[in-house]
Amino acid sequence: MSTDQMAHLTDAEDGASLWHDAWLRLRKNRAAVTGGAILLVMVVLAILTPWIAPYGYEAQNLDLGATPPSAAHWLGTDIFGRDLLTQILYGGRISLAVGFIATAVALVIGVTWGAIAGYVGGRVDSVMMRFVDILYALPFMIFIILLMVVFGRNILLLFLAIGAVEWLTMARIMRTQVQSLRQQEFVEAAVSLGLSPFAIIFKHIIPNALGPIIVYTTLTIPSVMLLEAFLSFLGLGIQPPQTSWGLLISYGAETMEEYPWLLIFPGMALTVTLFSLNFLGDGLRDALDVRGSKD
Amino acid sequence: MRFFRLVILACAVSGTIVACGSGESNVESGNRLGYLHYGNGAEPQGLDPHVVTGVPENHIVRALFEGLAVKNPKTLEPEPGVAERWDISDDGTVYTFHLNPQARWSNGETMTASDYVWSWHRALHPDTGSLYAYMLYPVVNAEAYSKREITDFDAVGVKALDDQTLQVTLNAPTPYFLQLMDHYSTFAVHPETVLTHGKMTDRFTPWTRVGSIVSNGPFTLEEWSLNRRIIIKKSEHYWDRENVSLNGVYFYPTENVVSEERMFRAEQLHYTQVVPLDKIPDYRSQDKSPYIQAPYLGTYYYLINTDRPPVDDVLVRRALSYALDRDTLTRTVLQNTAIPAYSITPPDTLGYNPPKLFDYDPEKARALLAEAGYPNGEGWPGLEITYNTQEAHRKIAVAVQQMWKRELNIDITISNQEWKVYLNSVSQREFQVARRGWIGDYVDANNFLDLFITDGGNNNTGYANDIYDDIILNLAPKAKTREERYALFYKAESMMMDEMPIIPIYTYTSKHLIHPSVEGIYPNLMDSLNLKYVTLHPERRLNSEIN
């Protein structure tokens, strides 16, 4: 192997076989595959909602009021006579978007922050990680409420606010990964070749830490969706007529004795999604566990 | 962390402030010990009679303090309170109150007429900034003093002739003046106590705290745990203490109406402030239902800030009002628990009926909106409805939002605020459209119409009209007959509603769940409750579980 190749090919070759192995292992895990398939369906439904939803999501029929599931309204209607299936579909768009966007925000900030702290080390590391500790110590609700008060309520900000809270754990995981990776020969080789720290972190270290990152990401998505549900429950999340699963559940809970379907169906949608994500996350963790398979 | 969140969520879902206790319920222990457990809606802003304005405050303040005359809980006719009797001059402008010699402050001191002079001075002083100062405006020179037009309080028509005799001189015969004596803004406060904690005109000083407060009503303040409960206890010095049956009352801040209803069902409350709409059909169908509904002297409406575009345009305001289908709203969302309103005064307020200038007319609404420059909603800059966090307000806002969207094709956002934040936004006029309810302080159309005098403390809309002010403040009070007075009211109200600084939505009904062991709470137009008359009968039990 020439030194020339080391920079490019080794990663690619090893990576390819690693991903291939992981894929084979993942396929054997039936729960994970089912979870992944359900998620895929959910995402497709969410994207297609404006075309496939049986009714407009704002369309009220006050005289109809709350009705149990029927042929016209498969999942029933709420007290404003709005079709619940439509509400769940539109709510899914928001809930899934919060899940994925907020997680992506957390991912970008957390990975970058953790990688830099872990790679540079020393005093920079101390300062950066103490900053993370301080944010950890802040009650996250107060933090989010403050953000909402200062910048006003809007959906994008909600995504960012949740992401800004969730990146902390990601940063810690990343830092530990980087600390162990930077002792390894291929990193020393890259250093001796004169690559910039930036290139080393993003070309060599992060790809090698992808396993734990992906796993943690799949675990973050459900927790972010729960957080959105919680915030909307408190009136800090999104505002009517937009809706999310969290809001639907919170309204449903208030009338669960009179109109139980308003709680049951949104609850099922959220539960199935969270289960799927957790199964997929478990499957990915097993599949990507390098030590378990390579040694 | 995640687990913790789930626990919070679970608690919020089950809404259990209740599940902590074991064994005896509040109702059982309350019936045994003579304590009423009262769901009071929200946490009060304060207890100073000259400062507070809300309904939750009213309940507590009227238990702690007593006016010169009080309303009979059944007939609403004035009956003796601190004053054992009163004389009214033939021309109806001079009231002479004879104080009950037994009337005592809760520290045992005798109440004097000069306490009233001092207290009314405080209530009217511009520095006190009482939003209800206008309650005393029928008194000679009271308005001028309150607006700093005169600075000598001796010129105001209230005099202590001796320790037991208070003479009040009015500008004009005021048929509802005795009713005003049961409003907390005219109550007496204990001068020395107020002065111990600050100047006469200071707001929110600690004089109303437990241990400091001196009051003169049937009850005294025992405990105030913020956002948890307020306990009052029967007063040892109240003049009519023999007729007070309760040993005390627990007031709970029950902002969440759903948990309030659950608390009632778990026998944690004797009395709920409201009933969740979705539960009403269930309760209605029960035998010996604890559900009590009565017409109520109050109007639910949307305040409009007439200085903020797009609602600074009267055409837009009219369009919004025409586009609102109040009949459907009250029939469906409100489950027939309210009456559609088209003006500010409730129908048949002591024989006065308000004008109805418009009705639901979407065609007209669209035409008006087009005339205002937004044909079919084009170019609409957006509008926000602000409401205080409560399930019932949210439902109405969501329904209104959709009606406006459907009829006018305009986008509306809605946002909720906690009660104190909401009160602040409204008084600072930081809103475009805000939900507001006005509950009559006395049974007279004047009580609704004088809200909208220029710069009135509760106007909040920016509506200002000299002719309107003149009718309400000068002409109507001097009217010779009831018919003449009502005709003037009708004219003024028509003028105001034509400008549409508010969008009336419905007339209230009062709705409570009252435990069968409670007696002495009578449905009336004022939803007026005098805790003095409440008795508990432990042998009467709640009928059955509700499914």
# chains A, B, ... in the order shown; residues from 1 in each chain; ligands from 1

call {"tool": "interface_residues", "arguments": {"of": "chain A", "to": "chain B", "cutoff": "8 Å", "atoms": "only C-alpha atoms", "output": "list in words"}}
result
Glu58, Ala59, Gln60, Leu62, Asp63, Gly65, Ile79, Phe80, Ser223, Leu227, Phe230, Gly235, Gln239, Pro240, Pro241, Ser250, Ala253, Glu254, Thr255, Glu257 and Glu258 of chain A

call {"tool": "residues_around", "arguments": {"residues": "Leu269 of chain B", "least_positions_apart": "6", "cutoff": "9 Å", "atoms": "only C-alpha atoms", "output": "list in words"}}
result
Ser25, Asn26, Val27, Leu36, His37, Tyr38, Gly39, Tyr252, Glu260, Glu261, Met263, Ile514 and His515 of chain B

call {"tool": "write_last_selection", "arguments": {"atoms": "N, CA and C atoms", "output": "PDB file, in the first residue's frame"}}
result
ATOM      1  N   SER B  25     -61.877  12.339  51.920  1.00  0.00           N
ATOM      2  CA  SER B  25     -61.799  13.356  50.872  1.00  0.00           C
ATOM      3  C   SER B  25     -61.982  14.737  51.495  1.00  0.00           C
ATOM      4  N   ASN B  26     -61.651  15.761  50.690  1.00  0.00           N
ATOM      5  CA  ASN B  26     -61.830  17.136  51.165  1.00  0.00           C
ATOM      6  C   ASN B  26     -63.268  17.407  51.569  1.00  0.00           C
ATOM      7  N   VAL B  27     -64.206  16.886  50.729  1.00  0.00           N
ATOM      8  CA  VAL B  27     -65.605  17.153  51.015  1.00  0.00           C
ATOM      9  C   VAL B  27     -66.001  16.525  52.355  1.00  0.00           C
ATOM     10  N   LEU B  36     -65.757  24.842  53.657  1.00  0.00           N
ATOM     11  CA  LEU B  36     -66.177  24.699  52.270  1.00  0.00           C
ATOM     12  C   LEU B  36     -64.938  24.659  51.384  1.00  0.00           C
ATOM     13  N   HIS B  37     -64.905  23.722  50.418  1.00  0.00           N
ATOM     14  CA  HIS B  37     -63.786  23.652  49.469  1.00  0.00           C
ATOM     15  C   HIS B  37     -64.258  24.184  48.132  1.00  0.00           C
ATOM     16  N   TYR B  38     -63.673  25.307  47.743  1.00  0.00           N
ATOM     17  CA  TYR B  38     -64.226  26.142  46.695  1.00  0.00           C
ATOM     18  C   TYR B  38     -63.243  26.259  45.533  1.00  0.00           C
ATOM     19  N   GLY B  39     -63.638  25.804  44.341  1.00  0.00           N
ATOM     20  CA  GLY B  39     -62.798  25.987  43.153  1.00  0.00           C
ATOM     21  C   GLY B  39     -62.936  27.424  42.672  1.00  0.00           C
ATOM     22  N   TYR B 252     -59.265  27.219  45.919  1.00  0.00           N
ATOM     23  CA  TYR B 252     -58.226  26.599  45.102  1.00  0.00           C
ATOM     24  C   TYR B 252     -58.136  27.286  43.753  1.00  0.00           C
ATOM     25  N   GLU B 260     -60.416  20.585  37.387  1.00  0.00           N
ATOM     26  CA  GLU B 260     -61.374  21.049  38.391  1.00  0.00           C
ATOM     27  C   GLU B 260     -62.561  20.094  38.473  1.00  0.00           C
ATOM     28  N   GLU B 261     -63.043  19.682  37.293  1.00  0.00           N
ATOM     29  CA  GLU B 261     -64.179  18.763  37.288  1.00  0.00           C
ATOM     30  C   GLU B 261     -63.782  17.425  37.907  1.00  0.00           C
ATOM     31  N   MET B 263     -61.524  17.018  40.175  1.00  0.00           N
ATOM     32  CA  MET B 263     -61.435  17.231  41.624  1.00  0.00           C
ATOM     33  C   MET B 263     -62.817  17.147  42.255  1.00  0.00           C
ATOM     34  N   ILE B 514     -72.260  21.816  42.072  1.00  0.00           N
ATOM     35  CA  ILE B 514     -72.369  22.106  43.499  1.00  0.00           C
ATOM     36  C   ILE B 514     -72.709  20.812  44.228  1.00  0.00           C
ATOM     37  N   HIS B 515     -71.883  20.486  45.182  1.00  0.00           N
ATOM     38  CA  HIS B 515     -72.094  19.249  45.934  1.00  0.00           C
ATOM     39  C   HIS B 515     -73.411  19.327  46.699  1.00  0.00           C
TER      40      HIS B 515
END

call {"tool": "select_by_dssp", "arguments": {"residues": "segment 182-282 of chain B", "states": "strand (DSSP E)", "output": "list in words"}}
result
Phe219, Thr220, Leu221, Glu222, Glu223, Trp224, Ser225, Arg229, Ile230, Ile231, Ile232, Lys233, Lys234, Gly248, Val249, Tyr250, Phe251 and Tyr252 of chain B

call {"tool": "write_last_selection", "arguments": {"atoms": "N, CA and C atoms", "output": "mmCIF file, in the first residue's frame"}}
result
data_model
loop_
_atom_site.group_PDB
_atom_site.id
_atom_site.type_symbol
_atom_site.label_atom_id
_atom_site.label_comp_id
_atom_site.auth_asym_id
_atom_site.auth_seq_id
_atom_site.Cartn_x
_atom_site.Cartn_y
_atom_site.Cartn_z
ATOM 1 N N PHE B 219 -65.283 36.708 57.268
ATOM 2 C CA PHE B 219 -64.131 35.809 57.346
ATOM 3 C C PHE B 219 -62.828 36.598 57.430
ATOM 4 N N THR B 220 -61.785 35.931 57.926
ATOM 5 C CA THR B 220 -60.456 36.552 57.950
ATOM 6 C C THR B 220 -59.474 35.635 57.227
ATOM 7 N N LEU B 221 -58.402 36.237 56.735
ATOM 8 C CA LEU B 221 -57.426 35.481 55.958
ATOM 9 C C LEU B 221 -56.554 34.646 56.884
ATOM 10 N N GLU B 222 -56.455 33.350 56.601
ATOM 11 C CA GLU B 222 -55.745 32.431 57.478
ATOM 12 C C GLU B 222 -54.439 31.955 56.844
ATOM 13 N N GLU B 223 -54.486 31.620 55.548
ATOM 14 C CA GLU B 223 -53.295 31.092 54.892
ATOM 15 C C GLU B 223 -53.365 31.424 53.414
ATOM 16 N N TRP B 224 -52.222 31.757 52.832
ATOM 17 C CA TRP B 224 -52.170 31.963 51.388
ATOM 18 C C TRP B 224 -50.928 31.262 50.872
ATOM 19 N N SER B 225 -51.101 30.071 50.307
ATOM 20 C CA SER B 225 -49.994 29.352 49.678
ATOM 21 C C SER B 225 -50.118 29.595 48.186
ATOM 22 N N ARG B 229 -53.428 27.185 47.552
ATOM 23 C CA ARG B 229 -54.735 27.395 48.158
ATOM 24 C C ARG B 229 -54.712 28.648 49.021
ATOM 25 N N ILE B 230 -55.914 29.169 49.266
ATOM 26 C CA ILE B 230 -56.074 30.281 50.196
ATOM 27 C C ILE B 230 -57.124 29.831 51.192
ATOM 28 N N ILE B 231 -56.806 29.964 52.456
ATOM 29 C CA ILE B 231 -57.761 29.543 53.479
ATOM 30 C C ILE B 231 -58.266 30.773 54.220
ATOM 31 N N ILE B 232 -59.593 30.882 54.371
ATOM 32 C CA ILE B 232 -60.137 31.936 55.209
ATOM 33 C C ILE B 232 -60.905 31.288 56.349
ATOM 34 N N LYS B 233 -60.989 31.995 57.457
ATOM 35 C CA LYS B 233 -61.575 31.438 58.664
ATOM 36 C C LYS B 233 -62.654 32.390 59.158
ATOM 37 N N LYS B 234 -63.658 31.847 59.808
ATOM 38 C CA LYS B 234 -64.739 32.671 60.347
ATOM 39 C C LYS B 234 -64.170 33.732 61.288
ATOM 40 N N GLY B 248 -64.945 28.083 57.813
ATOM 41 C CA GLY B 248 -63.932 28.636 56.928
ATOM 42 C C GLY B 248 -64.116 28.121 55.518
ATOM 43 N N VAL B 249 -63.277 28.632 54.603
ATOM 44 C CA VAL B 249 -63.359 28.236 53.200
ATOM 45 C C VAL B 249 -61.949 28.045 52.662
ATOM 46 N N TYR B 250 -61.759 26.968 51.878
ATOM 47 C CA TYR B 250 -60.520 26.786 51.118
ATOM 48 C C TYR B 250 -60.790 27.226 49.678
ATOM 49 N N PHE B 251 -59.982 28.162 49.170
ATOM 50 C CA PHE B 251 -60.089 28.563 47.767
ATOM 51 C C PHE B 251 -58.944 27.912 46.998
ATOM 52 N N TYR B 252 -59.265 27.219 45.919
ATOM 53 C CA TYR B 252 -58.226 26.599 45.102
ATOM 54 C C TYR B 252 -58.136 27.286 43.753
#

call {"tool": "select_by_dssp", "arguments": {"residues": "segment 226-460 of chain B", "states": "alpha helix (DSSP H)", "output": "count of residues only"}}
result
70

call {"tool": "closest_residue", "arguments": {"among": "A:Pro54, A:Gly246, A:Gly118, A:Pro69", "to": "Gly91 of chain A", "atoms": "only C-alpha atoms"}}
result
A:Gly246

call {"tool": "closest_residue", "arguments": {"among": "B:Gly198, B:Pro73, B:Pro354, B:Pro218", "to": "Ser494 of chain B", "atoms": "only C-alpha atoms"}}
result
B:Pro354

call {"tool": "residues_around", "arguments": {"residues": "Phe279 of chain A", "least_positions_apart": "3", "cutoff": "10 Å", "atoms": "only C-alpha atoms", "output": "PyMOL selection string"}}
result
chain A and resi 29-36+218-219+273-276+282-285

call {"tool": "residues_around", "arguments": {"residues": "Tyr322 of chain B", "least_positions_apart": "6", "cutoff": "9 Å", "atoms": "only C-alpha atoms", "output": "MDAnalysis selection string"}}
result
chainID B and resid 358:366

call {"tool": "residues_around", "arguments": {"residues": "Leu168 of chain A", "least_positions_apart": "4", "cutoff": "7 Å", "atoms": "only C-alpha atoms", "output": "PDB file with N, CA and C atoms, in the first residue's frame"}}
result
ATOM      1  N   GLY A 110     -23.754  19.062  17.804  1.00  0.00           N
ATOM      2  CA  GLY A 110     -23.142  18.134  18.754  1.00  0.00           C
ATOM      3  C   GLY A 110     -21.886  17.491  18.201  1.00  0.00           C
ATOM      4  N   VAL A 132     -20.744  22.878  27.968  1.00  0.00           N
ATOM      5  CA  VAL A 132     -21.787  21.857  27.837  1.00  0.00           C
ATOM      6  C   VAL A 132     -22.372  21.529  29.205  1.00  0.00           C
ATOM      7  N   ARG A 172     -21.028  15.015  23.960  1.00  0.00           N
ATOM      8  CA  ARG A 172     -20.244  14.198  24.892  1.00  0.00           C
ATOM      9  C   ARG A 172     -19.851  12.859  24.261  1.00  0.00           C
TER      10      ARG A 172
END

call {"tool": "closest_residue", "arguments": {"among": "B:Asp154, B:Glu378, B:Asp163, B:Glu66", "to": "Pro101 of chain B", "atoms": "only C-alpha atoms"}}
result
B:Asp163
